[in-house]
$ cat start.txt   # compact mmCIF, C-alpha atoms
# COMPACT_ATOMS: atom_id res chain seq x y z
CA MET A 1 -39.60 -4.30 8.18
CA ALA A 2 -37.65 -2.30 5.66
CA ASP A 3 -34.97 -1.49 8.20
CA VAL A 4 -31.75 -3.39 8.09
CA ILE A 5 -30.46 -5.11 11.20
CA LYS A 6 -26.79 -4.16 11.31
CA VAL A 7 -24.53 -6.73 12.87
CA VAL A 8 -20.84 -7.50 12.84
CA LYS A 9 -19.26 -10.72 11.69
CA GLY A 10 -18.59 -13.19 14.47
CA ASP A 11 -20.86 -11.47 17.01
CA GLU A 12 -23.60 -13.19 19.00
CA LYS A 13 -25.58 -10.11 19.91
CA PRO A 14 -27.82 -8.15 19.72
CA ASP A 15 -31.03 -9.86 20.79
CA VAL A 16 -33.85 -9.42 18.32
CA THR A 17 -37.42 -9.51 19.60
CA LEU A 18 -40.08 -10.34 17.05
CA SER A 19 -43.73 -9.44 17.46
CA LEU A 20 -46.06 -11.51 15.30
CA THR A 21 -49.53 -10.16 14.63
CA ASP A 22 -52.39 -10.97 12.34
CA ASP A 23 -52.00 -8.91 9.22
CA VAL A 24 -55.75 -8.33 8.92
CA SER A 25 -57.02 -7.94 12.43
CA GLY A 26 -53.82 -6.77 13.99
CA ALA A 27 -54.28 -9.21 16.87
CA VAL A 28 -51.21 -10.86 18.29
CA ILE A 29 -50.50 -14.42 17.25
CA ASP A 30 -50.81 -16.85 20.09
CA LEU A 31 -47.63 -18.85 20.15
CA SER A 32 -48.18 -20.43 23.53
CA ALA A 33 -48.99 -23.91 22.30
CA GLY A 34 -46.22 -26.38 22.92
CA THR A 35 -46.33 -27.52 19.35
CA THR A 36 -45.88 -23.99 18.04
CA VAL A 37 -42.30 -23.30 17.05
CA VAL A 38 -40.93 -20.14 15.45
CA THR A 39 -37.68 -20.36 13.49
CA ILE A 40 -35.70 -18.01 11.25
CA LYS A 41 -34.20 -19.28 8.02
CA PHE A 42 -30.98 -17.32 7.52
CA ARG A 43 -29.36 -17.06 4.10
CA LEU A 44 -27.26 -14.78 1.90
CA SER A 45 -29.30 -12.32 -0.12
CA GLY A 46 -29.71 -13.61 -3.62
CA SER A 47 -28.80 -17.13 -2.61
CA THR A 48 -31.08 -20.13 -2.37
CA THR A 49 -29.07 -21.91 0.26
CA THR A 50 -30.17 -21.64 3.87
CA LEU A 51 -27.08 -21.11 5.97
CA ASP A 52 -28.70 -21.51 9.40
CA THR A 53 -32.03 -22.12 11.00
CA ILE A 54 -32.17 -19.83 14.01
CA ALA A 55 -34.25 -21.02 16.92
CA THR A 56 -36.28 -18.53 18.90
CA THR A 57 -37.37 -18.25 22.50
CA LYS A 58 -40.94 -17.40 23.36
CA ILE A 59 -41.34 -14.34 25.50
CA GLY A 60 -43.97 -14.63 28.21
CA GLY A 61 -44.87 -18.10 27.08
CA GLY A 62 -45.72 -16.84 23.61
CA THR A 63 -49.16 -15.53 24.43
CA GLY A 64 -48.17 -12.04 23.38
CA GLY A 65 -46.91 -13.24 20.01
CA GLN A 66 -43.35 -12.33 20.86
CA VAL A 67 -40.22 -14.39 20.41
CA SER A 68 -36.57 -13.42 20.59
CA PHE A 69 -33.38 -14.71 19.11
CA ASN A 70 -29.74 -13.82 18.81
CA PHE A 71 -26.82 -14.95 16.65
CA GLY A 72 -25.15 -17.58 18.78
CA SER A 73 -23.55 -20.79 17.55
CA GLY A 74 -21.48 -19.00 14.93
CA ILE A 75 -24.38 -17.83 12.84
CA LEU A 76 -22.53 -14.64 11.97
CA ASP A 77 -19.32 -16.40 11.03
CA VAL A 78 -20.04 -15.46 7.46
CA ASP A 79 -18.56 -13.13 4.91
CA PRO A 80 -19.60 -9.50 5.15
CA GLY A 81 -22.60 -8.64 3.03
CA MET A 82 -26.36 -8.55 2.91
CA TYR A 83 -28.33 -11.43 4.38
CA GLU A 84 -31.99 -12.10 4.94
CA GLY A 85 -34.13 -14.10 7.28
CA GLN A 86 -37.52 -15.70 6.75
CA ILE A 87 -39.78 -16.19 9.78
CA GLN A 88 -41.51 -19.54 9.82
CA VAL A 89 -44.14 -20.49 12.37
CA ALA A 90 -44.97 -24.16 12.78
CA PHE A 91 -48.36 -24.66 14.40
CA GLY A 92 -47.80 -28.33 14.95
CA SER A 93 -47.67 -29.78 11.47
CA ASP A 94 -49.11 -26.62 9.90
CA LEU A 95 -46.46 -24.27 8.66
CA GLN A 96 -47.04 -20.57 8.08
CA THR A 97 -44.40 -18.16 6.90
CA ALA A 98 -44.31 -14.41 7.31
CA PHE A 99 -44.19 -12.75 3.93
CA ASP A 100 -41.87 -9.94 4.98
CA LEU A 101 -38.22 -10.80 5.36
CA LEU A 102 -35.76 -9.72 7.99
CA ARG A 103 -32.79 -8.02 6.41
CA PHE A 104 -29.33 -8.14 7.90
CA ARG A 105 -26.15 -6.35 6.98
CA VAL A 106 -23.03 -8.10 8.25
CA ALA A 107 -19.96 -5.90 8.55
CA GLU A 108 -16.33 -6.97 8.73
CA LYS A 109 -14.83 -7.31 12.19
CA PHE A 110 -11.48 -5.65 12.79
CA THR A 111 -8.80 -7.99 13.97
CA MET B 1 -51.25 -13.68 7.23
CA ILE B 2 -48.59 -13.00 9.79
CA ARG B 3 -47.05 -9.57 10.14
CA ALA B 4 -43.78 -9.41 11.96
CA SER B 5 -42.05 -6.48 13.54
CA TYR B 6 -38.91 -6.44 15.58
CA ILE B 7 -37.00 -4.46 18.12
CA LEU B 8 -33.35 -4.76 18.98
CA THR B 9 -32.10 -5.18 22.50
CA GLY B 10 -28.51 -4.57 23.33
CA SER B 11 -27.46 -3.06 20.05
CA LEU B 12 -24.70 -0.55 20.41
CA ALA B 13 -25.15 3.02 19.29
CA VAL B 14 -22.06 5.09 18.77
CA ALA B 15 -21.95 8.86 18.80
CA VAL B 16 -18.79 10.41 17.56
CA VAL B 17 -17.64 13.82 18.68
CA ALA B 18 -14.58 15.12 17.00
CA ALA B 19 -12.31 16.88 19.45
CA GLY B 20 -9.55 19.12 18.40
CA ILE B 21 -9.53 21.81 15.84
CA ILE B 22 -13.02 22.96 15.04
CA GLY B 23 -13.46 25.45 12.37
CA THR B 24 -13.06 26.00 8.74
CA PRO B 25 -9.62 25.06 7.59
CA SER B 26 -7.69 27.80 6.03
CA THR B 27 -7.33 27.68 2.33
CA PRO B 28 -3.70 27.56 1.34
CA GLY B 29 -2.72 30.25 -1.00
CA ILE B 30 0.27 30.60 -3.23
CA LYS B 31 1.67 34.08 -3.53
CA HIS B 32 3.75 34.72 -6.55
CA THR B 33 5.96 37.70 -6.90
CA ASN B 34 7.42 38.48 -10.22
CA SER B 35 9.90 41.24 -10.75
CA PHE B 36 9.37 41.23 -14.45
CA THR B 37 8.59 44.71 -15.69
CA HIS B 38 6.21 44.61 -18.53
CA PHE B 39 7.01 46.36 -21.67
CA VAL B 40 4.78 49.39 -21.86
CA PRO B 41 4.93 50.86 -25.28
CA SER B 42 4.50 54.54 -25.51
CA VAL B 43 3.17 56.33 -28.49
CA SER B 44 4.01 59.86 -29.31
CA VAL B 45 2.25 61.94 -31.81
CA LEU B 46 4.76 63.99 -33.59
CA ALA B 47 3.60 67.31 -34.79
CA PRO B 48 5.35 68.63 -37.85
CA THR B 49 7.68 71.40 -36.95
CA GLU B 50 7.55 72.94 -40.36
CA PHE B 51 4.34 73.95 -41.92
CA PHE B 52 3.54 73.03 -45.39
CA GLY B 53 4.96 75.77 -47.53
CA GLY B 54 4.47 74.42 -51.04
CA GLU B 55 1.71 74.86 -53.54
CA ALA B 56 -1.23 72.75 -54.22
CA THR B 57 -2.90 72.73 -57.57
CA ILE B 58 -6.29 71.33 -58.07
CA THR B 59 -7.31 70.73 -61.65
CA ASP B 60 -10.47 69.48 -63.08
CA THR B 61 -11.49 68.36 -66.49
CA VAL B 62 -13.84 70.60 -68.37
CA ILE B 63 -15.70 69.27 -71.38
CA GLU B 64 -16.27 71.90 -73.95
CA GLY B 65 -19.78 72.47 -74.94
CA ILE B 66 -22.70 74.63 -74.51
CA PRO B 67 -22.97 74.80 -71.72
CA PRO B 68 -19.62 73.24 -70.72
CA SER B 69 -19.82 70.26 -68.39
CA LEU B 70 -17.54 69.03 -65.66
CA ILE B 71 -16.55 65.49 -64.73
CA ASN B 72 -15.48 64.46 -61.33
CA ASP B 73 -11.77 63.84 -61.88
CA VAL B 74 -10.15 66.28 -59.50
CA VAL B 75 -6.37 65.92 -59.48
CA TYR B 76 -4.37 67.26 -56.56
CA THR B 77 -0.80 68.12 -57.27
CA VAL B 78 1.52 68.90 -54.36
CA SER B 79 4.65 70.67 -55.37
CA LYS B 80 6.28 70.79 -51.94
CA VAL B 81 7.24 67.67 -50.04
CA LEU B 82 7.39 67.77 -46.30
CA ALA B 83 10.94 67.95 -45.17
CA ASP B 84 10.24 66.70 -41.67
CA THR B 85 10.59 63.04 -40.98
CA ALA B 86 9.20 61.11 -38.14
CA THR B 87 11.31 58.56 -36.39
CA PHE B 88 9.93 56.14 -33.91
CA SER B 89 12.22 54.83 -31.32
CA GLU B 90 11.42 52.79 -28.30
CA VAL B 91 13.56 50.93 -25.89
CA PRO B 92 11.83 48.07 -24.12
CA ALA B 93 12.23 48.49 -20.43
CA PHE B 94 12.88 44.93 -19.33
CA ALA B 95 14.18 44.48 -15.85
CA PHE B 96 14.88 41.00 -14.63
CA THR B 97 15.66 40.39 -11.04
CA ARG B 98 17.24 37.16 -10.05
CA ALA B 99 17.00 35.87 -6.55
CA ALA B 100 20.19 35.78 -4.60
CA PHE B 101 22.42 32.90 -5.57
CA THR B 102 22.80 30.28 -2.92
CA ASP B 103 25.87 28.66 -4.32
CA SER B 104 29.14 30.06 -3.22
CA VAL B 105 32.55 29.90 -4.72
CA THR B 106 35.71 29.86 -2.68
CA VAL B 107 38.89 30.76 -4.40
CA THR B 108 42.17 29.88 -2.87
CA GLU B 109 45.58 30.61 -4.22
CA ALA B 110 48.95 29.37 -3.27
CA LYS B 111 51.88 31.63 -3.65
CA VAL B 112 54.41 30.64 -6.19
CA ILE B 113 57.66 32.27 -5.27
CA ALA B 114 60.45 32.25 -7.72
CA THR B 115 63.66 33.73 -6.49
CA THR B 116 66.83 34.23 -8.34
CA SER B 117 70.05 34.71 -6.57
CA THR B 118 72.63 36.91 -8.08
CA VAL B 119 75.35 35.87 -5.74
CA ASP B 120 78.56 35.02 -7.59
CA ILE B 121 79.80 31.90 -5.99
CA ASP B 122 82.97 31.76 -8.04
CA LEU B 123 84.86 34.94 -7.58
CA SER B 124 87.84 33.70 -9.58
CA ASP B 125 86.30 34.80 -12.83
CA PRO B 126 84.55 37.95 -13.69
CA ASP B 127 81.30 36.40 -14.75
CA ILE B 128 78.40 35.86 -12.57
CA ASP B 129 77.98 32.22 -11.90
CA THR B 130 74.62 30.72 -11.74
CA ASP B 131 73.29 29.27 -8.63
CA PRO B 132 74.86 25.96 -7.82
CA VAL B 133 72.61 23.01 -7.47
CA THR B 134 73.34 20.75 -4.60
CA ILE B 135 71.83 17.37 -4.48
CA SER B 136 71.85 15.64 -1.22
CA GLU B 137 70.44 12.31 -0.34
CA ALA B 138 70.06 10.69 2.96
CA SER B 139 70.56 6.99 3.11
CA VAL B 140 67.70 5.02 4.40
CA LEU B 141 69.39 2.49 6.54
CA THR B 142 67.76 -0.35 8.29
CA ILE B 143 70.10 -1.76 10.83
CA LYS B 144 69.39 -5.24 12.10
CA PRO B 145 71.82 -6.67 14.55
CA ALA B 146 72.95 -10.18 13.82
CA TYR B 147 72.02 -12.05 16.92
CA SER B 148 74.18 -15.07 17.58
CA ASP B 149 72.03 -16.52 20.26
CA THR B 150 69.27 -18.77 19.25
CA ALA B 151 66.22 -19.65 21.15
CA SER B 152 64.97 -23.18 21.27
CA ILE B 153 61.74 -24.29 22.78
CA SER B 154 61.53 -27.65 24.44
CA GLU B 155 58.92 -29.13 26.62
CA ALA B 156 58.98 -32.13 28.83
CA PRO B 157 55.77 -33.88 29.69
CA GLY B 158 54.90 -33.18 33.27
CA PHE B 159 53.20 -36.41 34.14
CA THR B 160 52.59 -37.04 37.75
CA PHE B 161 51.54 -40.52 38.66
CA SER B 162 49.95 -40.80 42.00
CA LYS B 163 49.54 -44.47 41.81
CA GLY B 164 52.13 -47.04 41.11
CA MET B 165 52.09 -48.66 37.81
CA PRO B 166 50.45 -52.04 37.78
CA GLY B 167 52.68 -54.98 37.74
CA GLY B 168 51.26 -56.42 34.61
CA SER B 169 52.49 -55.80 31.20
CA ILE B 170 50.84 -54.38 28.22
CA SER B 171 51.25 -56.01 24.96
CA ILE B 172 49.95 -54.61 21.81
CA SER B 173 48.49 -56.90 19.30
CA GLU B 174 46.50 -56.18 16.33
CA ALA B 175 44.20 -58.36 14.42
CA SER B 176 43.59 -57.62 10.87
CA VAL B 177 40.11 -56.55 10.17
CA LEU B 178 39.28 -58.21 6.95
CA THR B 179 36.24 -57.39 5.01
CA PRO B 180 36.06 -59.91 2.29
CA THR B 181 34.09 -58.95 -0.63
CA LYS B 182 32.76 -61.64 -2.81
CA VAL B 183 32.75 -60.80 -6.42
CA GLU B 184 29.80 -62.39 -7.97
CA THR B 185 30.74 -64.22 -11.07
CA ASP B 186 27.40 -65.62 -11.82
CA SER B 187 25.29 -63.71 -14.19
CA SER B 188 21.76 -63.85 -15.02
CA SER B 189 20.30 -63.40 -18.38
CA ILE B 190 16.82 -62.88 -19.31
CA SER B 191 15.46 -64.74 -22.22
CA GLU B 192 12.03 -65.15 -23.34
CA ALA B 193 10.52 -67.39 -25.87
CA ALA B 194 7.54 -66.24 -27.67
CA VAL B 195 4.50 -68.22 -26.90
CA TYR B 196 2.32 -68.44 -29.90
CA THR B 197 -1.18 -69.54 -29.64
CA PHE B 198 -2.69 -70.55 -32.87
CA THR B 199 -6.28 -70.69 -33.31
CA LYS B 200 -7.47 -72.90 -36.06
CA VAL B 201 -10.56 -71.80 -37.70
CA ASP B 202 -12.28 -74.89 -38.94
CA THR B 203 -13.62 -74.42 -42.33
CA ASP B 204 -14.63 -77.98 -42.94
CA SER B 205 -18.14 -78.86 -42.32
CA THR B 206 -19.91 -82.04 -41.91
CA THR B 207 -23.26 -82.72 -43.20
CA PRO B 208 -25.03 -85.47 -41.52
CA SER B 209 -26.62 -87.73 -43.99
CA GLU B 210 -28.14 -90.97 -43.57
CA ALA B 211 -29.49 -93.31 -46.00
CA PHE B 212 -31.90 -95.82 -45.10
CA SER B 213 -31.16 -99.20 -46.34
CA VAL B 214 -34.15 -101.23 -46.30
CA THR B 215 -33.77 -104.78 -46.92
CA TYR B 216 -36.77 -106.70 -47.50
CA LEU B 217 -36.77 -110.33 -47.44
CA TYR B 218 -39.01 -111.75 -49.86
CA THR B 219 -40.10 -115.04 -49.01
CA ASP B 220 -42.43 -115.10 -51.78
CA THR B 221 -40.35 -114.80 -54.91
CA SER B 222 -43.33 -114.73 -57.03
CA ASP B 223 -44.69 -111.61 -55.40
CA ARG B 224 -42.50 -108.57 -56.01
CA THR B 225 -44.79 -106.09 -54.42
CA ILE B 226 -45.36 -104.89 -50.98
CA ASN B 227 -48.85 -104.14 -50.50
CA GLY B 228 -49.15 -103.71 -54.17
CA HIS B 229 -46.06 -101.44 -54.65
CA TYR B 230 -43.34 -102.63 -56.94
CA PHE B 231 -39.70 -102.42 -56.04
CA ASN B 232 -36.89 -102.66 -58.39
CA GLU B 233 -35.05 -104.96 -56.23
CA THR B 234 -33.60 -108.19 -56.84
CA PRO B 235 -35.29 -110.48 -54.56
CA ILE B 236 -33.11 -112.29 -52.21
CA ARG B 237 -33.35 -115.84 -52.83
$ encode --input "start.txt" --output "structure tokens"
Amino acid sequence: MADVIKVVKGDEKPDVTLSLTDDVSGAVIDLSAGTTVVTIKFRLSGSTTTLDTIATTKIGGGTGGQVSFNFGSGILDVDPGMYEGQIQVAFGSDLQTAFDLLRFRVAEKFT
Amino acid sequence: MIRASYILTGSLAVAVVAAGIIGTPSTPGIKHTNSFTHFVPSVSVLAPTEFFGGEATITDTVIEGIPPSLINDVVYTVSKVLADTATFSEVPAFAFTRAAFTDSVTVTEAKVIATTSTVDIDLSDPDIDTDPVTISEASVLTIKPAYSDTASISEAPGFTFSKGMPGGSISISEASVLTPTKVETDSSSISEAAVYTFTKVDTDSTTPSEAFSVTYLYTDTSDRTINGHYFNETPIR
């Protein structure tokens, strides 16, 4: 996930679809359980403060390990710069976090 | 361990095609023309026009001896000096060309005519009189007629009452509007008396003491002891 997701300040789109797989076996992660919730912690690169927790929507009930999210609710109402997102999967009370980070570059919007 | 990958849906891709002039832009060049003619020196080799006609004597020193020996001290003696002289002359060929001047000069001239009349205006004498000078002046008159009529402006109010005046009468009365102002004569003064609070620090002390006064009544005057102890007391009799 070295690529940078390029977005513009104040936007709500695009939609980002995540595919979660087992790092060893390569099998998809079953997210279909009702107690399984995937969220993205969004923060400024180099900062320790989480700006938003982005909720995701399971695709196909989550059996294929896919979720999607976008940047609604003013998530991108931030200063231009580099941001990062950490994917956290809550299997009920058990929390597992993807090691790789999503990287975002927020550009200025022309007014 | 969870591996995550993502795809974007709905992201906008922009391709830019520049329309208009396509090609390598021309490189501007500056052409400079200078009319300066460089100085090109010329060198002439002058050949003597008169050949050397003198004598040259070459002497050498000979040391007497057997056999005689020579040393290398040849001396050349020229008895004829060249009469020709060489003169170098060169004129630098500078040629400066100035661009045409853009400024222009306009010269105007007014004619100054001075005439002298030789007409003798006084023929009674034989001399020639100079020109007479006549000074004339025109009066600048401003004529204002003295008007005797005067104009006066008067105006009469043009009231038109459409309704008869009421039968009552109007009387004007005026009541004085008095605004009495009371000058306060009382004055207030602020005074304050210092309130001192003294705190007495008691230095005296009391020491409780109590002395027991034991009075024993001796009924038996012959026995001055109590339980065998003697007291220096005067028995009460």
$ atom_distance --input "start.txt" --atom1 "CA of Val4 in chain A" --atom2 "CA of Leu102 in chain A"
7.5 Å
$ interface_residues --input "start.txt" --of "chain B" --to "chain A" --cutoff "7 Å" --atoms "only C-alpha atoms" --output "PDB file with C-alpha atoms, in the coordinates of the input"
ATOM      1  CA  MET B   1     -51.250 -13.680   7.230  1.00  0.00           C
ATOM      2  CA  ILE B   2     -48.590 -13.000   9.790  1.00  0.00           C
ATOM      3  CA  ARG B   3     -47.050  -9.570  10.140  1.00  0.00           C
ATOM      4  CA  ALA B   4     -43.780  -9.410  11.960  1.00  0.00           C
ATOM      5  CA  SER B   5     -42.050  -6.480  13.540  1.00  0.00           C
ATOM      6  CA  TYR B   6     -38.910  -6.440  15.580  1.00  0.00           C
ATOM      7  CA  ILE B   7     -37.000  -4.460  18.120  1.00  0.00           C
ATOM      8  CA  LEU B   8     -33.350  -4.760  18.980  1.00  0.00           C
ATOM      9  CA  THR B   9     -32.100  -5.180  22.500  1.00  0.00           C
ATOM     10  CA  GLY B  10     -28.510  -4.570  23.330  1.00  0.00           C
ATOM     11  CA  SER B  11     -27.460  -3.060  20.050  1.00  0.00           C
TER      12      SER B  11
END
$ atom_distance --input "start.txt" --atom1 "CA of Gly81 in chain A" --atom2 "CA of Thr53 in chain A"
18.3 Å
$ atom_distance --input "start.txt" --atom1 "CA of Leu95 in chain A" --atom2 "CA of Val78 in chain A"
27.9 Å
